[in-house]
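Colleague: Dropping the structure in here first, questions after.
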Amino acid sequence: MLVTSYDWFTVIVSVLVAMLASFTALDMAGRVATSTGKTALVWLFGGGFAMGIGIWAMHFIGMLSMSLDMVMSYNPLLTAVSMVIAVLASIFALWLVCSGELPWPRLCGGAVVLGSGVVAMHYTGMAALMFAPGIIWNGYWVAASVVIALVASGAALWLAFNLREGHGRVTLLRIGASVVMGCAIAGMHYTGMAAANFPMQSHATHMGVNSNWLAMLVTVVTLSILGITLLVSMLDARMQARTSILARSLAEANRELAQLALHDNLTRLPNRILLEDRLDQAINKADREHSHFALMFMDLDGFKAVNDAFGHHVGDNLLIAVTERMTGQMKGHYTLARMGGDEFVLLIEIDDPNDAAAAADALVKAIEKPFSISRYELMVSLSIGIAVYPGDGVDERELMFNADAAMYHTKNNGRNGYNFFQPSMNTLAQSQLQLNNDLWQAMENNELRLFYQPKYCAPSGPIIGFEALLRWQHPTRGLLTPDKFLPMAEKTGMIINIGNWVINEACRQLHCWHLLGHPHWSVAVNLSALQFEQSNLVETVTQALSQHQIPAELLTLEVTETTAMRDPEESVRILTELTNMGVKASIDDFGTGYSSLLYLKRLPASELKIDRAFVNELQAKSEDATIVSAIVALAQSLNLKVVAEGVETEGQQAFLTGLGCNTLQGYLLGKPVPPERIGELPEFVTPAAELEVTAK
């Protein structure tokens with residue numbers, strides 16, 4: 001027999017190629033497992049081809065590492081057939097490990113098929129050697145190579161199946177597994193090579209492909225194919241990772257957007273949009289199952305007073321606490337939603353109306369207990385209106401309308417309780433709804449009016465200006481005072497446009513009086529809380545003054561104490577900007593809020609206005625007299641003028657004059673009148689100097 005030897009460098013290269021092919025196989029299994037459709041097919045056939053070429057190249061390079069005393073040549077057809085067998089076996093292996101589960105019977109069957117393919121590839125490649133008389137095989141070594149091929153194939157399939165899904169350590173595990181698999185494949189090949197014996201009289205035929213340059217060509221081409229395959233795989237994996245991260249980010253963003261779109265930002269309760277969807281589902285379920293549910297419209301009594309007195313921050317915290325207390329009372333299937341402001345709606349499944357009554361009673365009792373918010377103990381109550389489906393409405397709009405009507409009935413009957421809807425309640429509710437609709441048209445139809453109450457220099461004149469007071473000349477209800485429609489305007493936001501109209505109309509009328517010979521008259525306009533918070537307030541005032549040629553110092557803007565103290569820093573900024581223009585600022589209803597003297601000192605106001613509540617019961621040595629005296633003394637120490645409103649008796653006139661009030665207004669001096677009747681007002685009123693003045 002001819003003596004064979006091996007070039008160890010080529011042997012090492014073949015083992016490294018086997019390891020690289022194994023790593024490619026494991027990586028391709030992962031690509032196929034994480035892909036779908038045509039992409040999975042591309043990775044299956046492309047990966048199978050690269051993997052098969054790698055295994056075949058390892059075998060072929062291993063054969064080229066064998067040295068004999070003759071020049072080796074190979075049959076091109078058989079060499080190509082051995083490569084095709086390797087590719088088909090690789091495609092089968094990838095398909096097997098990526099087609100779902102891999103139980104032991106299937107694993108063993110796959111190992112037999114793959115192992116047989118590897119054996120067929122090896123011995124077909126050996127048969128491609130072109131020499132005579134031929135190879136003499138050692139049966140024991142052949143059997144050993146077959147066993148190794150079967151075991152290595154089973155191990156390869158098992159490793160590929162279990163490492164096909166990526167996780168944190170998958171790359172390191174694949175590298176380790178590829179080393180084991182490469183060594184197993186190399187072991188099978190060189191065992192098969194050991195089974196081949198070459199007779200002494202063997203000689204090459206010199207008719208095939210010469211091996212002198214074939215080793216280099218196969219090595220370069222194989223490494224290129226495997227390298228390109230792995231590079232494409234890694235780039236695709238990185239792209240998929242980035243796509244996955246982007247998809248997760250988009251999904252998270254969509255969830256946040258859905259949260260914002262369907263939930264109230266403050267309380268995290270469902271908002272009107274989500275409530276409407278839940279209500280529609282509840283109606284469909286009730287119709288399908290012939291069941292019932294209750295819709296409760298709820299409003300917090302006294303919340304506005306808390307919000308005005310203590311500011312938005314305390315008000316927001318109170319709403320959150322109310323939400324938590326309400327939620328704690330809920331059981332079963334329900335939806336608690338916030339409609340905005342201090343309005344809530346509860347949708348709850350019931351068996352009979354008594355269930356709704358029990359739930360409403362529990363909510364009322366829970367909310368009437370004191371709330372401890374920011375060191376304050378706050379008291380609010382709950383007014384609830386209940387509509388039951390299907391008796392109190394057949395659709396969402398009717399149910400909401402009737403529950404709202406029942407809630408207003410509760411408010412009009414003492415608050416802090418609940419009422420079921422009754423058809424008679426619709427009269428009041430429809431009246432309020434109609435009034436609300438009419439208010440939207442009031443400005444377009446020129447139905448708003450300004451009345452003017454004179455302001456007299458204490459004690460009895462002359463007239464120094466007027467306070468503009470809003471009225472609504474309703475086409476069917478007559479002249480309406482602000483308390484009949486302004487709360488509704490504030491609730492709907494119409495107060496902004498109405499307030500801007502008042503500023504412009506007051507300046508227009510003042511210009512008319514100036515032309516009639518009263519150039520020193522001024523006008524005072526009340527600002528609502530919403531209007532005061534508008535970013536374009538200064539622009540609105542500037543435009544009105546310019547349009548009607550009014551000196552800025554003849555316009556006074558009145559802001560209530562609670563509005564000014566809601567956000568003191570912002571109030572200082574806004575009033576400073578206005579007073580820098582020359583506009584005067586007045587703190588209205590002073591003494592009814594919770595002012596900080598630190599901020600009061602910083603407010604660029606020119607006057608304080610004493611609330612009529614202190615003037616109404618004003619008597620010497622009374623508590624109100626003490627309060628008024630303190631307010632006047634405070635104003636004088638801050639160099640502020642004092643305006644007293646609500647003067648209705650000569651005693652009040654005398655007392656306030658004696659204290660040092662600069663300006664008086666009230667029914668004693670002059671009632672609010674439309675502009676065409678201003679001429680009927682006396683320039684001076686009955687002097688108070690003749691009255692005995694006692695101010696202590």
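Chain identifiers are assigned as A, B, and so on, following the order in which chains appear in the structure tokens; residues are numbered from 1 within each chain, and ligands are numbered from 1 in order of appearance.
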Using only C-alpha atoms, which residues sit within 7 Å of segment 565-573 of chain A once same-chain residues fewer than 4 positions away are excluded, as a compact mmCIF listing (two decimals) with C-alpha atoms, in the first residue's frame?
Modeller:
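Full text of result-v1.txt as output:
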# COMPACT_ATOMS: atom_id res chain seq x y z
CA ASP A 308 -60.79 80.05 43.63
CA PHE A 310 -56.78 78.02 47.37
CA GLY A 311 -55.67 77.93 43.74
CA HIS A 312 -55.49 75.39 40.93
CA GLU A 561 -58.67 88.87 44.94
CA GLU A 577 -47.46 94.71 31.77
CA SER A 595 -54.26 87.04 50.00
CA TYR A 599 -47.74 89.30 46.87
CA ARG A 602 -45.92 93.40 44.79
CA LEU A 603 -49.15 93.66 42.78
Colleague: Excluding Phe485 of chain A and its own-chain neighbours fewer than 3 positions away, which residues fall within 9 Å of it when counting only C-alpha atoms? Please give them as a VMD selection string.
Modeller: chain A and resid 435 to 436 439 472 480 to 482 488 to 490
Colleague: To one decimal in Å, tell me the separation between atom CA of Ile135 of chain A and atom CA of Cys183 of chain A.
Modeller: 25.5 Å
Colleague: Can you tell me, as a short mmCIF file (atom, residue, chain, number, x, y, z; two decimals) with all heavy atoms, in the first residue's frame, what residues are no more than 10 Å from Glu505 of chain A when counting only C-alpha atoms, ignoring any on the same chain fewer than 4 positions away?
Modeller:
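Output (out24.cif):
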data_model
loop_
_atom_site.label_atom_id
_atom_site.label_comp_id
_atom_site.auth_asym_id
_atom_site.auth_seq_id
_atom_site.Cartn_x
_atom_site.Cartn_y
_atom_site.Cartn_z
N ARG A 449 -75.77 93.73 26.52
CA ARG A 449 -75.85 95.15 26.85
C ARG A 449 -74.89 95.44 27.99
O ARG A 449 -74.61 94.58 28.83
CB ARG A 449 -77.27 95.54 27.29
CG ARG A 449 -78.36 95.24 26.29
CD ARG A 449 -78.37 96.27 25.15
NE ARG A 449 -79.50 96.04 24.27
CZ ARG A 449 -79.45 95.27 23.19
NH1 ARG A 449 -78.33 94.63 22.89
NH2 ARG A 449 -80.52 95.12 22.41
N LEU A 450 -74.41 96.69 28.02
CA LEU A 450 -73.65 97.16 29.17
C LEU A 450 -74.43 98.24 29.89
O LEU A 450 -74.89 99.22 29.27
CB LEU A 450 -72.28 97.71 28.72
CG LEU A 450 -71.20 96.69 28.35
CD1 LEU A 450 -69.88 97.40 28.07
CD2 LEU A 450 -71.01 95.65 29.44
N ALA A 468 -68.67 99.16 34.32
CA ALA A 468 -69.47 98.52 33.28
C ALA A 468 -69.99 97.19 33.80
O ALA A 468 -69.22 96.34 34.25
CB ALA A 468 -68.63 98.29 32.02
N GLY A 499 -66.06 88.57 27.40
CA GLY A 499 -65.22 89.52 28.12
C GLY A 499 -64.48 90.47 27.20
O GLY A 499 -64.35 91.67 27.49
N ASN A 500 -64.00 89.96 26.06
CA ASN A 500 -63.32 90.83 25.09
C ASN A 500 -64.30 91.84 24.50
O ASN A 500 -63.94 93.00 24.26
CB ASN A 500 -62.70 89.99 23.98
CG ASN A 500 -61.55 89.14 24.48
OD1 ASN A 500 -60.98 89.40 25.55
ND2 ASN A 500 -61.20 88.11 23.73
N TRP A 501 -65.53 91.41 24.27
CA TRP A 501 -66.54 92.34 23.77
C TRP A 501 -66.82 93.44 24.79
O TRP A 501 -66.99 94.62 24.42
CB TRP A 501 -67.83 91.57 23.47
CG TRP A 501 -68.96 92.48 23.03
CD1 TRP A 501 -69.23 92.91 21.76
CD2 TRP A 501 -69.97 93.06 23.88
NE1 TRP A 501 -70.32 93.74 21.76
CE2 TRP A 501 -70.80 93.84 23.05
CE3 TRP A 501 -70.24 92.99 25.24
CZ2 TRP A 501 -71.89 94.55 23.55
CZ3 TRP A 501 -71.32 93.70 25.74
CH2 TRP A 501 -72.14 94.47 24.91
N GLN A 509 -67.98 103.30 24.40
CA GLN A 509 -68.93 104.18 25.07
C GLN A 509 -68.21 105.32 25.79
O GLN A 509 -68.68 106.47 25.78
CB GLN A 509 -69.75 103.37 26.08
CG GLN A 509 -70.83 104.17 26.80
CD GLN A 509 -71.83 104.77 25.83
OE1 GLN A 509 -72.45 104.05 25.05
NE2 GLN A 509 -72.00 106.09 25.88
N LEU A 510 -67.05 105.02 26.38
CA LEU A 510 -66.29 106.07 27.06
C LEU A 510 -65.85 107.15 26.08
O LEU A 510 -65.87 108.35 26.39
CB LEU A 510 -65.07 105.45 27.76
CG LEU A 510 -64.22 106.40 28.60
CD1 LEU A 510 -65.04 107.01 29.74
CD2 LEU A 510 -63.00 105.68 29.18
N HIS A 511 -65.48 106.73 24.87
CA HIS A 511 -65.11 107.71 23.84
C HIS A 511 -66.29 108.62 23.50
O HIS A 511 -66.11 109.84 23.31
CB HIS A 511 -64.63 106.96 22.60
CG HIS A 511 -64.26 107.87 21.46
ND1 HIS A 511 -63.17 108.72 21.49
CD2 HIS A 511 -64.86 108.07 20.24
CE1 HIS A 511 -63.09 109.40 20.36
NE2 HIS A 511 -64.12 109.01 19.58
N ALA A 544 -58.26 97.85 21.90
CA ALA A 544 -59.48 98.61 22.25
C ALA A 544 -59.13 100.06 22.55
O ALA A 544 -59.83 100.99 22.12
CB ALA A 544 -60.17 97.96 23.43
N HIS A 548 -60.41 103.22 19.97
CA HIS A 548 -61.38 104.23 20.44
C HIS A 548 -60.71 105.45 21.05
O HIS A 548 -61.38 106.30 21.66
CB HIS A 548 -62.33 103.58 21.45
CG HIS A 548 -63.08 102.40 20.88
ND1 HIS A 548 -64.03 102.52 19.90
CD2 HIS A 548 -63.00 101.07 21.16
CE1 HIS A 548 -64.51 101.32 19.60
NE2 HIS A 548 -63.91 100.41 20.35
#
Colleague: Skipping near chain neighbours, those fewer than 4 positions away, what residues fall within 6 Å of Leu664 of chain A using only C-alpha atoms, listed as a list in words?
Modeller: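 Final neighbour list, sorted by chain and number: Lys455, Tyr456, Ala458, Val643 and Ala644 of chain A.
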Colleague: Store the residues picked out above, limited to N, CA, C and O atoms, as a PDB file, in the first residue's frame.
Modeller:
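Below is the file that was written, again-v3.pdb:
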ATOM      1  N   LYS A 455     -69.517 105.938  39.775  1.00  0.00           N
ATOM      2  CA  LYS A 455     -68.576 105.926  40.896  1.00  0.00           C
ATOM      3  C   LYS A 455     -68.338 107.387  41.287  1.00  0.00           C
ATOM      4  O   LYS A 455     -67.889 108.191  40.455  1.00  0.00           O
ATOM      5  N   TYR A 456     -68.669 107.686  42.541  1.00  0.00           N
ATOM      6  CA  TYR A 456     -68.598 109.068  43.025  1.00  0.00           C
ATOM      7  C   TYR A 456     -67.369 109.263  43.895  1.00  0.00           C
ATOM      8  O   TYR A 456     -66.982 108.377  44.674  1.00  0.00           O
ATOM      9  N   ALA A 458     -65.855 110.360  47.074  1.00  0.00           N
ATOM     10  CA  ALA A 458     -66.450 110.447  48.411  1.00  0.00           C
ATOM     11  C   ALA A 458     -66.369 111.897  48.915  1.00  0.00           C
ATOM     12  O   ALA A 458     -65.380 112.605  48.664  1.00  0.00           O
ATOM     13  N   VAL A 643     -62.060 101.846  47.074  1.00  0.00           N
ATOM     14  CA  VAL A 643     -63.400 101.964  46.516  1.00  0.00           C
ATOM     15  C   VAL A 643     -64.320 101.066  47.329  1.00  0.00           C
ATOM     16  O   VAL A 643     -64.009  99.897  47.546  1.00  0.00           O
ATOM     17  N   ALA A 644     -65.430 101.628  47.783  1.00  0.00           N
ATOM     18  CA  ALA A 644     -66.425 100.846  48.528  1.00  0.00           C
ATOM     19  C   ALA A 644     -67.668 100.703  47.670  1.00  0.00           C
ATOM     20  O   ALA A 644     -68.226 101.708  47.206  1.00  0.00           O
TER      21      ALA A 644
END
Colleague: Using only C-alpha atoms, which residues sit within 12 Å of Glu617 of chain A once same-chain residues fewer than 6 positions away are excluded, as a count of residues only?
Modeller: 13
Colleague: Within segment 429-535 of chain A, find each residue whose DSSP state, derived from the backbone, is strand (DSSP E), and express the selection as a count of residues only.
Modeller: 30
Colleague: Near Leu318 of chain A, counting only C-alpha atoms, which residues have an atom at most 8 Å away, once you skip same-chain residues fewer than 3 positions from it, shown as an MDAnalysis selection string?
Modeller: chainID A and resid 314:315 321:322 371 373
